[in-house]
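Structure file query-v4.cif; described as mmCIF, C-alpha atoms.
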```cif
data_data
loop_
_atom_site.label_atom_id
_atom_site.label_comp_id
_atom_site.auth_asym_id
_atom_site.auth_seq_id
_atom_site.Cartn_x
_atom_site.Cartn_y
_atom_site.Cartn_z
CA MET A 1088 22.34 -18.77 -24.36
CA ILE A 1089 23.67 -16.11 -21.99
CA GLY A 1090 26.61 -18.23 -20.93
CA PHE A 1091 27.70 -18.66 -24.54
CA LEU A 1092 28.18 -14.94 -25.04
CA LEU A 1093 30.62 -14.14 -22.27
CA ALA A 1094 33.98 -14.90 -23.84
CA LEU A 1095 35.27 -14.82 -27.40
CA ARG A 1096 37.84 -16.37 -29.67
CA TYR A 1097 39.56 -18.69 -27.25
CA GLY A 1098 39.77 -21.68 -29.59
CA GLY A 1099 38.01 -23.93 -27.07
CA GLN A 1100 40.83 -23.66 -24.54
CA PRO A 1101 40.00 -23.66 -20.82
CA PHE A 1102 40.83 -20.89 -18.38
CA ASP A 1103 43.60 -21.04 -15.86
CA TYR A 1104 41.68 -21.70 -12.65
CA SER A 1105 44.67 -20.89 -10.48
CA GLN A 1106 43.26 -17.35 -10.48
CA LYS A 1107 40.55 -17.29 -7.85
CA GLN A 1108 37.23 -15.52 -8.06
CA SER A 1109 38.46 -13.11 -5.37
CA ASP A 1110 41.14 -12.00 -7.85
CA LEU A 1111 38.46 -11.10 -10.39
CA MET A 1112 36.34 -9.01 -8.03
CA PRO A 1113 37.08 -8.42 -4.35
CA LYS A 1114 34.50 -10.09 -2.14
CA SER A 1115 33.61 -6.90 -0.30
CA SER A 1116 33.18 -5.02 -3.57
CA SER A 1117 31.02 -7.79 -5.06
CA SER A 1118 28.84 -7.92 -1.93
CA THR A 1119 28.37 -4.16 -2.00
CA VAL A 1120 27.36 -4.25 -5.66
CA HIS A 1121 24.83 -7.02 -5.00
CA LEU A 1122 23.43 -5.16 -1.99
CA ILE A 1123 23.01 -1.92 -3.91
CA CYS A 1124 21.43 -3.58 -6.96
CA PHE A 1125 18.98 -5.71 -5.00
CA SER A 1126 18.09 -2.81 -2.68
CA VAL A 1127 17.28 -0.46 -5.56
CA ILE A 1128 15.27 -3.11 -7.43
CA ALA A 1129 13.40 -4.08 -4.25
CA LEU A 1130 12.57 -0.40 -3.67
CA ILE A 1131 11.20 -0.05 -7.20
CA ILE A 1132 9.09 -3.21 -6.84
CA ALA A 1133 7.79 -2.18 -3.40
CA SER A 1134 6.91 1.30 -4.67
CA CYS A 1135 4.95 -0.09 -7.62
CA CYS A 1136 3.08 -2.50 -5.34
CA TYR A 1137 2.24 0.31 -2.92
CA PHE A 1138 0.96 2.70 -5.58
CA VAL A 1139 -1.16 0.04 -7.31
CA MET A 1140 -2.43 -2.14 -4.46
CA LEU A 1141 -2.61 0.31 -1.53
CA ALA A 1142 -2.60 3.92 -2.74
CA ASP A 1143 -4.73 3.05 -5.79
CA VAL A 1144 -3.22 5.87 -7.87
CA GLY A 1145 -4.54 4.38 -11.09
CA PRO A 1146 -3.48 1.82 -13.69
CA ILE A 1147 0.20 2.69 -13.95
CA TYR A 1148 0.61 -0.77 -15.48
CA ALA A 1149 -1.69 -0.01 -18.41
CA GLU A 1150 -0.45 -0.21 -21.99
CA HIS A 1151 2.07 2.61 -22.56
CA GLY A 1152 1.67 3.54 -18.90
CA LEU A 1153 4.32 4.50 -16.35
CA MET A 1154 5.65 0.98 -15.76
CA GLU A 1155 6.00 0.23 -19.44
CA ASN A 1156 7.73 3.56 -20.02
CA MET A 1157 10.13 2.75 -17.19
CA GLN A 1158 10.90 -0.56 -18.89
CA VAL A 1159 11.72 1.18 -22.17
CA GLY A 1160 13.85 3.74 -20.34
CA LEU A 1161 15.87 1.02 -18.61
CA ILE A 1162 16.42 -0.83 -21.88
CA MET A 1163 17.56 2.32 -23.65
CA LEU A 1164 19.94 3.17 -20.81
CA ALA A 1165 21.34 -0.37 -20.88
CA GLY A 1166 21.81 -0.18 -24.65
CA PHE A 1167 23.62 3.15 -24.29
CA VAL A 1168 25.90 1.66 -21.63
CA PHE A 1169 26.71 -1.31 -23.87
CA ILE A 1170 27.55 1.00 -26.79
CA VAL A 1171 29.81 3.23 -24.67
CA GLN A 1172 31.56 0.20 -23.20
CA ALA A 1173 32.02 -1.38 -26.63
CA VAL A 1174 34.00 1.64 -27.80
CA SER A 1175 36.48 1.33 -24.94
CA SER A 1176 36.64 -2.48 -24.73
CA ASP A 1177 39.09 -4.88 -26.31
CA ALA A 1178 38.15 -6.97 -29.33
CA ARG A 1179 36.97 -10.03 -27.39
CA ALA A 1180 34.61 -7.98 -25.23
CA ARG A 1181 33.45 -5.62 -27.98
CA GLU A 1182 31.51 -8.31 -29.80
CA ILE A 1183 29.63 -9.17 -26.61
CA MET A 1184 28.77 -5.51 -26.03
CA VAL A 1185 27.56 -5.11 -29.61
CA PHE A 1186 25.33 -8.16 -29.22
CA PHE A 1187 23.65 -6.80 -26.11
CA ALA A 1188 23.34 -3.32 -27.67
CA LEU A 1189 21.49 -4.93 -30.58
CA LEU A 1190 19.42 -6.97 -28.15
CA SER A 1191 18.45 -3.74 -26.39
CA VAL A 1192 17.10 -2.29 -29.63
CA ILE A 1193 15.14 -5.50 -30.20
CA PHE A 1194 13.70 -5.24 -26.67
CA VAL A 1195 12.63 -1.64 -27.31
CA ALA A 1196 10.91 -2.67 -30.53
CA ARG A 1197 9.20 -5.45 -28.57
CA GLU A 1198 7.90 -3.12 -25.86
CA ILE A 1199 6.74 -0.36 -28.21
CA ASP A 1200 4.34 -1.28 -31.01
CA PHE A 1201 6.05 0.80 -33.67
CA PHE A 1202 4.09 -0.96 -36.43
CA LYS A 1203 0.96 0.78 -35.10
CA MET A 1204 2.61 4.21 -35.21
CA GLN A 1205 2.81 4.83 -38.93
CA GLY A 1206 2.20 8.52 -39.53
CA GLU A 1207 2.82 9.35 -35.88
CA ILE A 1208 6.63 9.11 -36.01
CA ALA A 1209 9.25 9.97 -38.60
CA GLU A 1210 9.06 7.66 -41.60
CA PRO A 1211 12.70 6.49 -41.40
CA LEU A 1212 12.22 5.59 -37.71
CA TYR A 1213 9.00 3.75 -38.53
CA TRP A 1214 10.75 1.79 -41.28
CA LEU A 1215 13.65 0.94 -38.98
CA LEU A 1216 11.63 -0.25 -35.97
CA GLY A 1217 8.14 -0.86 -37.33
CA THR A 1218 8.78 -3.02 -40.38
CA HIS A 1219 10.22 -6.50 -40.74
CA MET A 1220 12.85 -5.26 -43.19
CA GLY A 1221 14.06 -2.60 -40.77
CA LYS A 1222 14.12 -4.95 -37.79
CA ALA A 1223 16.20 -7.39 -39.82
CA LEU A 1224 19.06 -4.87 -39.63
CA PHE A 1225 19.24 -5.66 -35.90
CA TYR A 1226 18.17 -9.31 -35.86
CA LEU A 1227 20.62 -10.54 -38.50
CA PRO A 1228 23.87 -9.25 -36.93
CA ALA A 1229 22.64 -10.34 -33.49
CA LEU A 1230 21.96 -13.84 -34.81
CA TYR A 1231 25.34 -13.87 -36.54
CA ILE A 1232 27.15 -13.05 -33.28
CA LEU A 1233 25.09 -15.70 -31.47
CA TRP A 1234 25.99 -18.27 -34.13
CA ARG A 1235 29.69 -17.47 -33.66
CA GLN A 1236 29.41 -18.13 -29.96
CA LEU A 1237 27.34 -21.30 -30.31
CA ARG A 1238 30.25 -22.75 -32.27
CA LEU A 1239 32.24 -22.51 -29.02
CA PHE A 1240 29.71 -24.48 -27.01
CA GLY A 1241 32.33 -26.95 -25.79
CA PHE A 1242 34.49 -24.16 -24.44
CA TYR A 1243 31.67 -22.46 -22.56
CA TYR A 1244 30.39 -25.74 -21.15
CA ALA A 1245 33.85 -26.73 -19.94
CA ASN A 1246 34.26 -23.37 -18.20
CA ARG A 1247 30.68 -22.90 -17.01
CA GLY A 1248 31.76 -22.70 -13.37
CA PHE A 1249 33.77 -19.56 -14.02
CA PHE A 1250 31.15 -17.75 -16.11
CA PHE A 1251 28.26 -18.47 -13.76
CA ARG A 1252 30.16 -16.78 -10.93
CA LEU A 1253 30.26 -13.45 -12.76
CA PRO A 1254 27.70 -10.99 -11.27
CA SER A 1255 26.70 -9.77 -14.73
CA VAL A 1256 25.85 -13.33 -15.78
CA GLN A 1257 23.88 -13.92 -12.61
CA TYR A 1258 21.83 -10.78 -13.23
CA LEU A 1259 21.23 -11.75 -16.87
CA MET A 1260 20.02 -15.18 -15.78
CA ILE A 1261 17.61 -13.61 -13.27
CA ALA A 1262 16.40 -11.20 -15.97
CA ALA A 1263 15.84 -14.06 -18.40
CA PHE A 1264 13.86 -16.03 -15.80
CA LEU A 1265 11.64 -13.05 -14.97
CA LEU A 1266 11.12 -12.08 -18.60
CA ILE A 1267 10.54 -15.54 -20.07
CA VAL A 1268 9.03 -17.57 -17.22
CA MET A 1269 7.34 -15.24 -14.73
CA SER A 1270 6.02 -12.79 -17.31
CA SER A 1271 4.60 -15.66 -19.37
CA ILE A 1272 2.88 -17.16 -16.33
CA PHE A 1273 1.06 -13.92 -15.52
CA ASP A 1274 0.26 -13.40 -19.20
CA THR A 1275 -1.83 -16.58 -19.19
CA LYS A 1276 -5.40 -15.62 -20.06
CA GLU A 1277 -6.85 -18.35 -17.82
CA TRP A 1278 -5.71 -16.40 -14.75
CA HIS A 1279 -8.61 -14.25 -13.61
CA PHE A 1280 -7.48 -12.10 -10.72
CA LYS A 1281 -7.41 -8.35 -10.37
CA TYR A 1282 -3.69 -7.70 -10.57
CA ARG A 1283 -2.68 -10.29 -13.18
CA HIS A 1284 -1.58 -7.71 -15.72
CA PHE A 1285 0.17 -5.68 -13.01
CA PHE A 1286 2.33 -8.63 -11.99
CA GLU A 1287 3.12 -9.33 -15.63
CA GLU A 1288 4.40 -5.78 -16.08
CA LEU A 1289 6.14 -5.92 -12.69
CA SER A 1290 8.01 -9.07 -13.74
CA GLU A 1291 9.18 -7.35 -16.91
CA LEU A 1292 10.17 -4.19 -15.03
CA ALA A 1293 12.23 -6.21 -12.54
CA ALA A 1294 13.81 -8.13 -15.43
CA TYR A 1295 14.95 -4.95 -17.14
CA CYS A 1296 16.28 -3.61 -13.83
CA PHE A 1297 18.55 -6.64 -13.61
CA TYR A 1298 19.38 -6.27 -17.31
CA PHE A 1299 20.50 -2.69 -16.71
CA ALA A 1300 22.51 -3.75 -13.65
CA ALA A 1301 24.24 -6.40 -15.78
CA ALA A 1302 25.09 -3.72 -18.35
CA LEU A 1303 26.79 -1.60 -15.69
CA LEU A 1304 28.90 -4.52 -14.47
CA MET A 1305 29.71 -6.35 -17.67
CA LYS A 1306 32.78 -4.44 -18.80
CA ALA A 1307 34.45 -4.83 -15.40
CA ASN A 1308 33.58 -8.53 -15.36
CA LEU A 1309 34.98 -9.15 -18.84
CA LYS A 1310 38.10 -7.12 -18.16
CA ALA A 1311 38.71 -9.25 -15.07
CA MET A 1312 38.65 -12.54 -16.93
CA PRO A 1313 41.88 -14.50 -16.41
CA ALA A 1314 44.34 -15.20 -19.20
CA VAL A 1315 43.70 -18.22 -21.39
CA THR A 1316 46.13 -21.11 -21.08
CA ASN A 1317 46.62 -23.78 -23.66
CA THR A 1318 46.39 -27.16 -21.99
CA SER A 1319 46.14 -29.19 -25.16
CA HIS A 1320 48.97 -31.57 -26.04
#
```
Turn this file's structure into structure tokens for me.
Amino acid sequence: MIGFLLALRYGGQPFDYSQKQSDLMPKSSSSTVHLICFSVIALIIASCCYFVMLADVGPIYAEHGLMENMQVGLIMLAGFVFIVQAVSSDARAREIMVFFALLSVIFVAREIDFFKMQGEIAEPLYWLLGTHMGKALFYLPALYILWRQLRLFGFYYANRGFFFRLPSVQYLMIAAFLLIVMSSIFDTKEWHFKYRHFFEELSELAAYCFYFAAALLMKANLKAMPAVTNTSH
């Protein structure tokens, strides 16, 4: 799904591959970005492991605990970045930014059980994020944008080599793997070991770290996309 959302309105025409990946992002710059992102995420993961498994500071991975609050904070920051970038992006990139901004709101609603907070938060906010009708305001436009991109499946498949080289796409793929696969594995009730729930929350925290990193890089990646050439006859 991620690969389908990274270019817009090209009429199924392939990119001009005469422009090398080094023209899109200098190798040294790309390596530095990767090093910084992975170093920061590794530090966060190592710190959580230390505090939970060695320092025994308490269940920071409990429901609505520190780790879950960090997840929500990262999602909100990513959503803010997508919104800011959408304002200053061209039309083809703006739709992508809007999709991920909507996805960020959906992630926040997923992490926070707003439907259990009736009477504890403002009624309009509860209706917006705690009811099916309110959530539909985010799901429907997100699904509409996704449907538009799925119609260009042939284009994305033909140019998959280019898109999968973008750092933002790589980070989104890692985030999806951690969020869908790893988190689900540790969420399995048949697993009976002490830190099962901790590793579930840690997988989600790492996923949202990569999601936020992708948000920071996406505008630059999309701006660097080569011009579209019409090779049809």
Problem set entry | Distance query Asp1274 (chain A) at most 12 Å, only C-alpha atoms, self and fewer than 6 positions along chain excluded, as a ChimeraX atom specification | /A:1266-1268,1280,1282-1291
Problem set entry | Residue nearest Ala1223 (chain A) - candidates A:Val1120, A:Ala1196, A:Cys1296, A:Met1154, atoms counted: all atoms listed in the file |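 Selected residue with least distance to Ala1223 (chain A): A:Ala1196.
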Problem set entry | CA of Leu1253 (chain A) to CA of Ser1270 (chain A), distance in Å rounded to a single decimal |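 Going from CA of Leu1253 (chain A) over to CA of Ser1270 (chain A), I get 24.7 Å.
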Problem set entry | Distance criterion (only C-alpha atoms): nearest to His1151 (chain A) out of A:Phe1169, A:Phe1187, A:Ile1199, A:Leu1164 |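 Nearest to His1151 (chain A): A:Ile1199.
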Exercise. Skipping near chain neighbours, those fewer than 4 positions away, what residues fall within 10 Å of Ala1294 (chain A) using all atoms listed in the file, listed as a ChimeraX atom specification?
Worked result: /A:1128,1158,1161,1258-1267,1269-1270,1288-1290,1298-1300
Got time to write the residues from that selection, C-alpha atoms, as a PDB file, keeping the file's coordinate frame?
```pdb
ATOM      1  CA  ILE A1128      15.270  -3.110  -7.430  1.00  0.00           C
ATOM      2  CA  GLN A1158      10.900  -0.560 -18.890  1.00  0.00           C
ATOM      3  CA  LEU A1161      15.870   1.020 -18.610  1.00  0.00           C
ATOM      4  CA  TYR A1258      21.830 -10.780 -13.230  1.00  0.00           C
ATOM      5  CA  LEU A1259      21.230 -11.750 -16.870  1.00  0.00           C
ATOM      6  CA  MET A1260      20.020 -15.180 -15.780  1.00  0.00           C
ATOM      7  CA  ILE A1261      17.610 -13.610 -13.270  1.00  0.00           C
ATOM      8  CA  ALA A1262      16.400 -11.200 -15.970  1.00  0.00           C
ATOM      9  CA  ALA A1263      15.840 -14.060 -18.400  1.00  0.00           C
ATOM     10  CA  PHE A1264      13.860 -16.030 -15.800  1.00  0.00           C
ATOM     11  CA  LEU A1265      11.640 -13.050 -14.970  1.00  0.00           C
ATOM     12  CA  LEU A1266      11.120 -12.080 -18.600  1.00  0.00           C
ATOM     13  CA  ILE A1267      10.540 -15.540 -20.070  1.00  0.00           C
ATOM     14  CA  MET A1269       7.340 -15.240 -14.730  1.00  0.00           C
ATOM     15  CA  SER A1270       6.020 -12.790 -17.310  1.00  0.00           C
ATOM     16  CA  GLU A1288       4.400  -5.780 -16.080  1.00  0.00           C
ATOM     17  CA  LEU A1289       6.140  -5.920 -12.690  1.00  0.00           C
ATOM     18  CA  SER A1290       8.010  -9.070 -13.740  1.00  0.00           C
ATOM     19  CA  TYR A1298      19.380  -6.270 -17.310  1.00  0.00           C
ATOM     20  CA  PHE A1299      20.500  -2.690 -16.710  1.00  0.00           C
ATOM     21  CA  ALA A1300      22.510  -3.750 -13.650  1.00  0.00           C
TER      22      ALA A1300
END
```
Exercise. Which polymer residues have any atom within 12 Å of an atom of Phe1225 (chain A), counting all atoms listed in the file, with same-chain residues fewer than 6 positions away left out, as number ranges by chain?
Worked result: A: 1185-1196, 1215-1216, 1218-1219, 1231-1232
Exercise. Which residue, A:Pro1254, A:Gly1217, A:Glu1210, A:Ala1307, has the smallest gap to Ser1118 (chain A) when you use only C-alpha atoms?
Worked result: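 With only C-alpha atoms as the atom set, the closest residue is A:Pro1254.
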Output of the PyMOL selection byres ((chain A and resi 1176) around 12), listed as an mmCIF file with C-alpha atoms, in the coordinates of the input:
```
data_model
loop_
_atom_site.group_PDB
_atom_site.id
_atom_site.type_symbol
_atom_site.label_atom_id
_atom_site.label_comp_id
_atom_site.auth_asym_id
_atom_site.auth_seq_id
_atom_site.Cartn_x
_atom_site.Cartn_y
_atom_site.Cartn_z
ATOM 1 C CA VAL A 1168 25.900 1.660 -21.630
ATOM 2 C CA PHE A 1169 26.710 -1.310 -23.870
ATOM 3 C CA ILE A 1170 27.550 1.000 -26.790
ATOM 4 C CA VAL A 1171 29.810 3.230 -24.670
ATOM 5 C CA GLN A 1172 31.560 0.200 -23.200
ATOM 6 C CA ALA A 1173 32.020 -1.380 -26.630
ATOM 7 C CA VAL A 1174 34.000 1.640 -27.800
ATOM 8 C CA SER A 1175 36.480 1.330 -24.940
ATOM 9 C CA ASP A 1177 39.090 -4.880 -26.310
ATOM 10 C CA ALA A 1178 38.150 -6.970 -29.330
ATOM 11 C CA ARG A 1179 36.970 -10.030 -27.390
ATOM 12 C CA ALA A 1180 34.610 -7.980 -25.230
ATOM 13 C CA ARG A 1181 33.450 -5.620 -27.980
ATOM 14 C CA GLU A 1182 31.510 -8.310 -29.800
ATOM 15 C CA ILE A 1183 29.630 -9.170 -26.610
ATOM 16 C CA MET A 1184 28.770 -5.510 -26.030
ATOM 17 C CA VAL A 1185 27.560 -5.110 -29.610
ATOM 18 C CA MET A 1305 29.710 -6.350 -17.670
ATOM 19 C CA LYS A 1306 32.780 -4.440 -18.800
ATOM 20 C CA ALA A 1307 34.450 -4.830 -15.400
ATOM 21 C CA ASN A 1308 33.580 -8.530 -15.360
ATOM 22 C CA LEU A 1309 34.980 -9.150 -18.840
ATOM 23 C CA LYS A 1310 38.100 -7.120 -18.160
ATOM 24 C CA ALA A 1311 38.710 -9.250 -15.070
#
```
For this session: Please measure the separation of CA of Lys1222 (chain A) and CA of Tyr1243 (chain A), giving the value in Å to one decimal.
Result: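 Computing the Euclidean distance for CA of Lys1222 (chain A) and CA of Tyr1243 (chain A) yields 29.1 Å.
Taking CA of Ser1126 (chain A) and CA of Arg1247 (chain A) as endpoints, the distance between them is 27.7 Å.
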Problem set entry | A:His1279, A:Cys1124, A:Leu1292, A:Ser1271 ranked by distance to Leu1153 (chain A), top pick (using only C-alpha atoms) |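 For Leu1153 (chain A), the nearest of the candidates is A:Leu1292.
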